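Student: Just passing along the structure, written as structure tokens.
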Amino acid sequence: MKRYLRFVIPAGLLVVILAGLLFALSDNLVFFHTPEEVLDGAIDDPNQRFRLGGQVEAGSIATTAEGVTFFVGDGKQLVQVFHTGAPQELFQEGIGVVVEGVWDGTAFHSDTMLVKHDEQYRTEDGVYETPDGAVTSS
Amino acid sequence: MTRTYLQIAAIGTMVTALAAGLLVPADAVQGDVGRLMYVHVPGAWLAYLSFLVTLTASVAFLFTRKLRWDRIAVSSAEIGVYFTGLTIALGMIWAKPIWGVWWTWDARLILTAVMFFVYLGYLALRKTMTDPIVRAKRSAVFGILAAVQIPIVHFSVEWWRSLHQPATIIRPDASPQIDPPLFAALMMGVAAFTVAYVALMAVRIELARVDEAIDAAHNSNAVVAGDAVGRPNLKVEIHD
């Protein structure tokens with residue numbers, strides 16, 4: 001039995017340490033903040049760079065002198081983004097984006113954009129199911 | 001003979017799956033780039049499968065003390081490292097046109113890279129030991145502990161908000177988010193990669209067996225047939 005304990009005790013310890021680390025780092029493992037979190041004051045330093053993610057709101061896209069402006073939403077809140085530079089190729093209404101920049105208290109100013117596509121793979125003539133469960137034909 | 005049949009089957013299923021992946025309709029959002037899914041996802045599946053086989057073989061070794069299990073464990077880990085690397089490389093090629101970057105510090109990406117290096121460490125650790133029993137025992141413990149990360153890698157996209165999209169097939173709500181023709185092509189890819197895994201394993205396990213036989217021959221001082229005509233003397237003497 002002792003032989004097994006030599007293995008089980010370190011293994012148990014390792015699992016506890018790993019679980020603790022993952023739990024403690026949970027906030028840092030999050031890749032981006034949501035509009036709701038930002039409006040709730042998650043980031044109050046106007047100089048702190050962070051990532052904001054959400055869906056591009058339909059009808060909110062407009063070009064500006066520096067690039068493009070649009071609203072991102074998480075289904076609860078909307079935040080206006082002023083993006084400097086050319087948007088990504090797949091950038092369009094309804095697609096997920098993660099933008100990196102600063103929050104001035106009223107709007108988000110980004111200079112880096114990533115497109116986040118969802119886990120759905122559909123054919124052109126198929127039925128496109130949106131993440132919130134509403135089914136629309138595309 | 002069996003190995004030859006396995007290799008023929010692997011090539012056959014690979015070609016069929018490749019054809020299916022290229023012939024099914026393109027994804028509505030990603031277009032043809034989305035076809036990378038048919039190799040990226042099976043690659044990731046094989047990485048998981050390989051390391052789960054290493055886990056199982058490691059447990060089996062500790063219970064039975066049969067070196068056969070150690071050969072399976074190391075063979076599978078080596079193939080797993082290869083496919084983890086392939087998955088990361090294909091993922092990068094996919095990420096550039098869709099996300100806009102080759103690499104970013106996303107939880108799924110970091111954890112996959114960690115998994116790659118941990119199993120590379122498993123292979124490196126083995127090289128530091130010469131005694132087959134000691135090596136098998138220690139690597140079995142490593143092979144079991146390292147497997148803890150497999151579910152963490154897979155479910156990282158569900159547990160933390162990430163750039164990498166959540167799972168399409170193996171997901172908590174168990175409802176695949178993929179249209180039937182695309183799903184069929186993906187499953188053919190998974191099947192083809194699995195057959196290729198079996199074919200690679202057959203060759204790699206045989207290699208491990210031959211390796212072991214050579215080691216055993218070098219380590220024994222027994223007189224072997226042909227000794228009289230000069231057996232290469234590979235015994236290393238260490239002088240302090």
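FYI, nothing fancy with the structure tokens labels: chains A, B, ... in order, residues from 1 per chain, ligands from 1 as they appear.
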Near Asp104 in chain A, counting only C-alpha atoms, which residues have an atom at most 9 Å away, once you skip same-chain residues fewer than 3 positions from it, shown as an MDAnalysis selection string?
Tutor: chainID A and resid 44:47 107:109
Student: Mind writing the picked residues with N, CA and C atoms as a PDB file, in the first residue's frame?
Tutor:
```pdb
ATOM      1  N   ASP A  44     -11.111  51.526 -14.676  1.00  0.00           N
ATOM      2  CA  ASP A  44     -11.350  52.955 -14.435  1.00  0.00           C
ATOM      3  C   ASP A  44     -10.159  53.829 -14.821  1.00  0.00           C
ATOM      4  N   ASP A  45      -9.043  53.193 -15.207  1.00  0.00           N
ATOM      5  CA  ASP A  45      -7.868  53.963 -15.602  1.00  0.00           C
ATOM      6  C   ASP A  45      -7.931  54.239 -17.108  1.00  0.00           C
ATOM      7  N   PRO A  46      -8.046  55.507 -17.535  1.00  0.00           N
ATOM      8  CA  PRO A  46      -8.155  55.804 -18.972  1.00  0.00           C
ATOM      9  C   PRO A  46      -6.896  55.485 -19.766  1.00  0.00           C
ATOM     10  N   ASN A  47      -5.785  55.160 -19.068  1.00  0.00           N
ATOM     11  CA  ASN A  47      -4.550  54.831 -19.788  1.00  0.00           C
ATOM     12  C   ASN A  47      -4.314  53.333 -19.902  1.00  0.00           C
ATOM     13  N   ALA A 107     -16.443  56.095 -24.432  1.00  0.00           N
ATOM     14  CA  ALA A 107     -16.253  55.291 -25.643  1.00  0.00           C
ATOM     15  C   ALA A 107     -14.915  54.578 -25.592  1.00  0.00           C
ATOM     16  N   PHE A 108     -14.806  53.571 -26.443  1.00  0.00           N
ATOM     17  CA  PHE A 108     -13.588  52.758 -26.498  1.00  0.00           C
ATOM     18  C   PHE A 108     -12.788  53.149 -27.732  1.00  0.00           C
ATOM     19  N   HIS A 109     -11.482  53.374 -27.547  1.00  0.00           N
ATOM     20  CA  HIS A 109     -10.623  53.760 -28.669  1.00  0.00           C
ATOM     21  C   HIS A 109      -9.635  52.635 -28.934  1.00  0.00           C
TER      22      HIS A 109
END
```
Student: Going by DSSP on the backbone, which residues of range 17-103 of chain A come out as strand (DSSP E or B)? List them as a PDB file with N, CA and C atoms, in the first residue's frame.
Tutor:
```
ATOM      1  N   HIS A  33     -12.894  41.748 -22.023  1.00  0.00           N
ATOM      2  CA  HIS A  33     -13.991  42.197 -21.165  1.00  0.00           C
ATOM      3  C   HIS A  33     -15.229  42.415 -22.018  1.00  0.00           C
ATOM      4  N   PHE A  50      -6.708  47.403 -22.643  1.00  0.00           N
ATOM      5  CA  PHE A  50      -7.329  46.097 -22.407  1.00  0.00           C
ATOM      6  C   PHE A  50      -8.128  45.704 -23.645  1.00  0.00           C
ATOM      7  N   ARG A  51      -8.669  44.495 -23.610  1.00  0.00           N
ATOM      8  CA  ARG A  51      -9.435  44.023 -24.765  1.00  0.00           C
ATOM      9  C   ARG A  51     -10.922  44.049 -24.444  1.00  0.00           C
ATOM     10  N   LEU A  52     -11.691  44.474 -25.428  1.00  0.00           N
ATOM     11  CA  LEU A  52     -13.140  44.511 -25.315  1.00  0.00           C
ATOM     12  C   LEU A  52     -13.709  43.621 -26.422  1.00  0.00           C
ATOM     13  N   GLY A  53     -14.659  42.778 -26.054  1.00  0.00           N
ATOM     14  CA  GLY A  53     -15.210  41.874 -27.060  1.00  0.00           C
ATOM     15  C   GLY A  53     -16.720  41.868 -27.067  1.00  0.00           C
ATOM     16  N   GLY A  54     -17.295  41.565 -28.224  1.00  0.00           N
ATOM     17  CA  GLY A  54     -18.749  41.468 -28.339  1.00  0.00           C
ATOM     18  C   GLY A  54     -19.149  41.384 -29.796  1.00  0.00           C
ATOM     19  N   GLN A  55     -20.470  41.446 -30.002  1.00  0.00           N
ATOM     20  CA  GLN A  55     -21.014  41.368 -31.359  1.00  0.00           C
ATOM     21  C   GLN A  55     -21.125  42.776 -31.947  1.00  0.00           C
ATOM     22  N   VAL A  56     -20.803  42.899 -33.231  1.00  0.00           N
ATOM     23  CA  VAL A  56     -20.964  44.186 -33.904  1.00  0.00           C
ATOM     24  C   VAL A  56     -22.460  44.427 -34.117  1.00  0.00           C
ATOM     25  N   ALA A  62     -19.993  52.877 -39.235  1.00  0.00           N
ATOM     26  CA  ALA A  62     -19.805  54.079 -40.037  1.00  0.00           C
ATOM     27  C   ALA A  62     -18.309  54.321 -40.175  1.00  0.00           C
ATOM     28  N   THR A  63     -17.889  54.823 -41.342  1.00  0.00           N
ATOM     29  CA  THR A  63     -16.460  55.088 -41.505  1.00  0.00           C
ATOM     30  C   THR A  63     -16.120  56.453 -40.922  1.00  0.00           C
ATOM     31  N   GLY A  67     -10.603  55.530 -39.472  1.00  0.00           N
ATOM     32  CA  GLY A  67     -10.928  54.119 -39.688  1.00  0.00           C
ATOM     33  C   GLY A  67     -12.418  53.880 -39.680  1.00  0.00           C
ATOM     34  N   VAL A  68     -12.908  53.333 -38.567  1.00  0.00           N
ATOM     35  CA  VAL A  68     -14.304  52.933 -38.540  1.00  0.00           C
ATOM     36  C   VAL A  68     -14.845  53.055 -37.113  1.00  0.00           C
ATOM     37  N   THR A  69     -16.138  53.351 -36.996  1.00  0.00           N
ATOM     38  CA  THR A  69     -16.770  53.337 -35.678  1.00  0.00           C
ATOM     39  C   THR A  69     -17.986  52.428 -35.718  1.00  0.00           C
ATOM     40  N   PHE A  70     -18.251  51.794 -34.581  1.00  0.00           N
ATOM     41  CA  PHE A  70     -19.393  50.872 -34.486  1.00  0.00           C
ATOM     42  C   PHE A  70     -19.690  50.612 -33.022  1.00  0.00           C
ATOM     43  N   PHE A  71     -20.810  49.954 -32.767  1.00  0.00           N
ATOM     44  CA  PHE A  71     -21.142  49.565 -31.396  1.00  0.00           C
ATOM     45  C   PHE A  71     -20.922  48.067 -31.229  1.00  0.00           C
ATOM     46  N   VAL A  72     -20.343  47.680 -30.081  1.00  0.00           N
ATOM     47  CA  VAL A  72     -20.300  46.243 -29.770  1.00  0.00           C
ATOM     48  C   VAL A  72     -21.237  45.983 -28.607  1.00  0.00           C
ATOM     49  N   GLY A  73     -21.910  44.850 -28.683  1.00  0.00           N
ATOM     50  CA  GLY A  73     -22.862  44.494 -27.650  1.00  0.00           C
ATOM     51  C   GLY A  73     -22.647  43.086 -27.147  1.00  0.00           C
ATOM     52  N   LEU A  78     -24.379  48.096 -24.778  1.00  0.00           N
ATOM     53  CA  LEU A  78     -23.687  48.469 -26.010  1.00  0.00           C
ATOM     54  C   LEU A  78     -22.606  49.488 -25.672  1.00  0.00           C
ATOM     55  N   VAL A  79     -21.467  49.369 -26.351  1.00  0.00           N
ATOM     56  CA  VAL A  79     -20.375  50.321 -26.164  1.00  0.00           C
ATOM     57  C   VAL A  79     -19.921  50.777 -27.545  1.00  0.00           C
ATOM     58  N   GLN A  80     -19.711  52.091 -27.695  1.00  0.00           N
ATOM     59  CA  GLN A  80     -19.231  52.578 -28.986  1.00  0.00           C
ATOM     60  C   GLN A  80     -17.715  52.440 -29.076  1.00  0.00           C
ATOM     61  N   VAL A  81     -17.258  51.981 -30.239  1.00  0.00           N
ATOM     62  CA  VAL A  81     -15.829  51.784 -30.469  1.00  0.00           C
ATOM     63  C   VAL A  81     -15.392  52.698 -31.611  1.00  0.00           C
ATOM     64  N   PHE A  82     -14.302  53.435 -31.376  1.00  0.00           N
ATOM     65  CA  PHE A  82     -13.668  54.184 -32.451  1.00  0.00           C
ATOM     66  C   PHE A  82     -12.384  53.459 -32.794  1.00  0.00           C
ATOM     67  N   HIS A  83     -12.372  52.827 -33.952  1.00  0.00           N
ATOM     68  CA  HIS A  83     -11.215  52.016 -34.331  1.00  0.00           C
ATOM     69  C   HIS A  83     -10.341  52.768 -35.326  1.00  0.00           C
ATOM     70  N   THR A  84      -9.038  52.808 -35.036  1.00  0.00           N
ATOM     71  CA  THR A  84      -8.084  53.445 -35.928  1.00  0.00           C
ATOM     72  C   THR A  84      -7.435  52.374 -36.782  1.00  0.00           C
ATOM     73  N   GLY A  96     -18.550  38.561 -34.267  1.00  0.00           N
ATOM     74  CA  GLY A  96     -17.850  38.837 -33.014  1.00  0.00           C
ATOM     75  C   GLY A  96     -16.518  39.525 -33.282  1.00  0.00           C
ATOM     76  N   VAL A  97     -16.186  40.527 -32.470  1.00  0.00           N
ATOM     77  CA  VAL A  97     -14.876  41.173 -32.593  1.00  0.00           C
ATOM     78  C   VAL A  97     -14.261  41.330 -31.206  1.00  0.00           C
ATOM     79  N   VAL A  98     -12.945  41.339 -31.175  1.00  0.00           N
ATOM     80  CA  VAL A  98     -12.212  41.668 -29.958  1.00  0.00           C
ATOM     81  C   VAL A  98     -11.293  42.822 -30.336  1.00  0.00           C
ATOM     82  N   VAL A  99     -11.526  43.994 -29.717  1.00  0.00           N
ATOM     83  CA  VAL A  99     -10.704  45.163 -30.034  1.00  0.00           C
ATOM     84  C   VAL A  99      -9.828  45.502 -28.825  1.00  0.00           C
ATOM     85  N   GLU A 100      -8.638  46.038 -29.097  1.00  0.00           N
ATOM     86  CA  GLU A 100      -7.704  46.347 -28.018  1.00  0.00           C
ATOM     87  C   GLU A 100      -7.430  47.843 -28.012  1.00  0.00           C
ATOM     88  N   GLY A 101      -7.531  48.441 -26.828  1.00  0.00           N
ATOM     89  CA  GLY A 101      -7.295  49.874 -26.724  1.00  0.00           C
ATOM     90  C   GLY A 101      -7.645  50.384 -25.342  1.00  0.00           C
ATOM     91  N   VAL A 102      -8.101  51.650 -25.278  1.00  0.00           N
ATOM     92  CA  VAL A 102      -8.397  52.264 -23.976  1.00  0.00           C
ATOM     93  C   VAL A 102      -9.849  52.744 -23.912  1.00  0.00           C
ATOM     94  N   TRP A 103     -10.341  52.872 -22.701  1.00  0.00           N
ATOM     95  CA  TRP A 103     -11.708  53.300 -22.408  1.00  0.00           C
ATOM     96  C   TRP A 103     -11.642  54.682 -21.778  1.00  0.00           C
TER      97      TRP A 103
END
```
Student: Identify, on the basis of only C-alpha atoms, every residue whose closest approach to Thr84 in chain B does not exceed 9 Å; exclude the query and any residue fewer than 6 positions from it along the same chain; express the result as a ChimeraX atom specification.
Tutor: /B:43-44,46-48,112-113,115-116
Student: Please, could you write that set of residues out with C-alpha atoms as a PDB file, in the first residue's frame?
Tutor:
```pdb
ATOM      1  CA  GLY B  43      -5.283  16.770 -35.563  1.00  0.00           C
ATOM      2  CA  ALA B  44      -6.453  17.987 -32.157  1.00  0.00           C
ATOM      3  CA  LEU B  46      -5.528  12.681 -32.391  1.00  0.00           C
ATOM      4  CA  ALA B  47      -3.455  14.634 -29.890  1.00  0.00           C
ATOM      5  CA  TYR B  48      -6.080  13.953 -27.209  1.00  0.00           C
ATOM      6  CA  THR B 112      -2.230  23.711 -26.110  1.00  0.00           C
ATOM      7  CA  ALA B 113       1.348  24.986 -26.342  1.00  0.00           C
ATOM      8  CA  MET B 115       0.559  20.451 -23.549  1.00  0.00           C
ATOM      9  CA  PHE B 116       3.014  20.269 -26.465  1.00  0.00           C
TER      10      PHE B 116
END
```
Student: Show me which bits of chain B are within 8 Å of chain A, counting only C-alpha atoms, as an MDAnalysis selection string.
Tutor: chainID B and resid 25:30 97:101 105:107 141 145 148 160:168 177:179 182
Student: Output the selection as a JSON list (two decimals), in the first residue's frame - N, CA and C atoms for each residue.
Tutor:
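Here's the written file again-v6.json:
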```
[["chain", "number", "residue", "atom", "x", "y", "z"],
["B", 25, "PRO", "N", -19.91, 21.79, -49.39],
["B", 25, "PRO", "CA", -20.07, 23.24, -49.51],
["B", 25, "PRO", "C", -19.19, 23.99, -48.51],
["B", 26, "ALA", "N", -18.80, 25.20, -48.88],
["B", 26, "ALA", "CA", -17.96, 26.02, -48.00],
["B", 26, "ALA", "C", -18.79, 26.57, -46.85],
["B", 27, "ASP", "N", -18.13, 26.93, -45.76],
["B", 27, "ASP", "CA", -18.80, 27.55, -44.62],
["B", 27, "ASP", "C", -19.31, 28.93, -45.02],
["B", 28, "ALA", "N", -20.51, 29.27, -44.54],
["B", 28, "ALA", "CA", -21.16, 30.51, -44.95],
["B", 28, "ALA", "C", -20.36, 31.76, -44.58],
["B", 29, "VAL", "N", -19.73, 31.77, -43.43],
["B", 29, "VAL", "CA", -19.00, 32.96, -42.97],
["B", 29, "VAL", "C", -17.55, 32.95, -43.45],
["B", 30, "GLN", "N", -16.89, 31.80, -43.31],
["B", 30, "GLN", "CA", -15.44, 31.75, -43.56],
["B", 30, "GLN", "C", -15.05, 31.42, -44.99],
["B", 97, "PRO", "N", -5.98, 34.45, -41.55],
["B", 97, "PRO", "CA", -7.03, 35.08, -42.37],
["B", 97, "PRO", "C", -8.35, 35.35, -41.62],
["B", 98, "ILE", "N", -8.66, 34.60, -40.59],
["B", 98, "ILE", "CA", -9.96, 34.75, -39.92],
["B", 98, "ILE", "C", -9.87, 35.73, -38.75],
["B", 99, "TRP", "N", -9.00, 35.45, -37.79],
["B", 99, "TRP", "CA", -8.87, 36.33, -36.63],
["B", 99, "TRP", "C", -8.08, 37.59, -36.98],
["B", 100, "GLY", "N", -7.07, 37.40, -37.83],
["B", 100, "GLY", "CA", -6.22, 38.54, -38.19],
["B", 100, "GLY", "C", -4.82, 38.45, -37.62],
["B", 101, "VAL", "N", -4.53, 37.42, -36.82],
["B", 101, "VAL", "CA", -3.18, 37.24, -36.26],
["B", 101, "VAL", "C", -2.79, 35.77, -36.34],
["B", 105, "TRP", "N", -2.28, 35.53, -27.12],
["B", 105, "TRP", "CA", -2.18, 34.85, -25.82],
["B", 105, "TRP", "C", -3.55, 34.52, -25.26],
["B", 106, "ASP", "N", -4.23, 33.65, -25.98],
["B", 106, "ASP", "CA", -5.56, 33.16, -25.62],
["B", 106, "ASP", "C", -5.39, 31.87, -24.80],
["B", 107, "ALA", "N", -6.31, 31.65, -23.84],
["B", 107, "ALA", "CA", -6.17, 30.50, -22.93],
["B", 107, "ALA", "C", -6.02, 29.17, -23.69],
["B", 141, "VAL", "N", 4.52, 7.41, -14.37],
["B", 141, "VAL", "CA", 4.01, 8.42, -13.43],
["B", 141, "VAL", "C", 3.81, 9.75, -14.16],
["B", 145, "LEU", "N", 0.25, 11.84, -14.71],
["B", 145, "LEU", "CA", 0.06, 13.21, -14.22],
["B", 145, "LEU", "C", -0.19, 14.20, -15.36],
["B", 148, "VAL", "N", -3.73, 15.11, -16.81],
["B", 148, "VAL", "CA", -4.66, 16.01, -16.11],
["B", 148, "VAL", "C", -5.02, 17.20, -17.01],
["B", 160, "TRP", "N", -13.41, 29.77, -19.83],
["B", 160, "TRP", "CA", -12.97, 31.16, -19.86],
["B", 160, "TRP", "C", -13.33, 31.79, -21.19],
["B", 161, "ARG", "N", -13.70, 33.06, -21.15],
["B", 161, "ARG", "CA", -13.99, 33.80, -22.37],
["B", 161, "ARG", "C", -12.73, 33.82, -23.20],
["B", 162, "SER", "N", -12.79, 33.27, -24.41],
["B", 162, "SER", "CA", -11.57, 33.21, -25.20],
["B", 162, "SER", "C", -11.83, 33.68, -26.63],
["B", 163, "LEU", "N", -10.74, 33.90, -27.35],
["B", 163, "LEU", "CA", -10.88, 34.27, -28.76],
["B", 163, "LEU", "C", -11.24, 33.01, -29.56],
["B", 164, "HIS", "N", -10.62, 31.90, -29.17],
["B", 164, "HIS", "CA", -10.95, 30.63, -29.82],
["B", 164, "HIS", "C", -12.41, 30.31, -29.52],
["B", 165, "GLN", "N", -13.17, 29.95, -30.54],
["B", 165, "GLN", "CA", -14.60, 29.67, -30.33],
["B", 165, "GLN", "C", -14.79, 28.41, -29.48],
["B", 166, "PRO", "N", -15.92, 28.30, -28.79],
["B", 166, "PRO", "CA", -16.19, 27.09, -28.00],
["B", 166, "PRO", "C", -16.28, 25.85, -28.90],
["B", 167, "ALA", "N", -16.33, 24.69, -28.28],
["B", 167, "ALA", "CA", -16.36, 23.44, -29.03],
["B", 167, "ALA", "C", -17.63, 23.34, -29.87],
["B", 168, "THR", "N", -17.49, 22.75, -31.07],
["B", 168, "THR", "CA", -18.64, 22.59, -31.96],
["B", 168, "THR", "C", -19.33, 21.24, -31.72],
["B", 177, "GLN", "N", -23.06, 22.01, -33.45],
["B", 177, "GLN", "CA", -23.45, 23.24, -34.15],
["B", 177, "GLN", "C", -22.86, 23.24, -35.55],
["B", 178, "ILE", "N", -23.27, 22.25, -36.35],
["B", 178, "ILE", "CA", -22.67, 22.13, -37.68],
["B", 178, "ILE", "C", -23.68, 21.46, -38.62],
["B", 179, "ASP", "N", -23.73, 21.95, -39.87],
["B", 179, "ASP", "CA", -24.66, 21.39, -40.85],
["B", 179, "ASP", "C", -24.21, 19.98, -41.27],
["B", 182, "LEU", "N", -21.13, 19.22, -43.73],
["B", 182, "LEU", "CA", -19.86, 19.63, -43.14],
["B", 182, "LEU", "C", -19.46, 18.66, -42.03]]
```
Student: Within 12 Å of Arg209 in chain B, counting only C-alpha atoms, which residues show up once you throw out same-chain ones fewer than 2 positions away? Write them as a ChimeraX atom specification, please.
Tutor: /B:67-72,74-75,132,201-207,211-216
Student: Which value, in Å to one decimal, gives the distance between CA of Ala192 in chain B and CA of His154 in chain B?
Tutor: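 So the answer is 21.1 Å.
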Student: Please identify which residues in range 57-143 of chain B DSSP calls helix (DSSP H, G or I) from the backbone, and express them as a VMD selection string.
Tutor: chain B and resid 57 to 64 67 to 98 107 to 127 132 to 143
Student: Taking only C-alpha atoms into account, which of B:Ser220, B:Thr194, B:Thr104, B:Thr56 comes nearest Ala147 in chain B?
Tutor: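 Looking at the shortest contact to Ala147 in chain B, the residue is B:Thr56.
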Student: With only C-alpha atoms as the basis for distance, which of B:Leu200, B:Ala73, B:Ala191, B:Ile152 is at the shortest distance from Ala140 in chain B?
Tutor: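 With only C-alpha atoms as the atom set, the closest residue is B:Ala73.
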Student: CA of Trp159 in chain B to CA of Leu25 in chain A: how many Å, to one decimal?
Tutor: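 Computed distance, CA of Trp159 in chain B to CA of Leu25 in chain A, equals 12.1 Å.
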Student: Find the residue from A:Pro35, A:Gly94, A:Gly20, A:Gly105 that sits nearest to Ala58 in chain A; use only C-alpha atoms when measuring.
Tutor: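 Once distances to Ala58 in chain A are computed over only C-alpha atoms, the minimum belongs to A:Gly94.
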Student: Nearest residue to Val53 in chain B out of B:Ile79, B:Val41, B:Met92, B:Ala20, using only C-alpha atoms?
Tutor: B:Ile79
Student: Extract, using only C-alpha atoms, all DNA, RNA and protein residues at most 10 Å from Met129 in chain B, discarding same-chain residues fewer than 6 positions from it, and format them as number ranges by chain.
Tutor: B: 135-136, 138-139
Student: Using only C-alpha atoms for the distances, tell me which of B:Thr87, B:His218, B:Glu78, B:Val190 is nearest to Leu18 in chain B.
Tutor: B:Val190
Student: Provide the CA of Asp32 in chain B to CA of Ile88 in chain B distance in Å, to one decimal place.
Tutor: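 Taking CA of Asp32 in chain B as the start and CA of Ile88 in chain B as the end point, the length is 19.3 Å.
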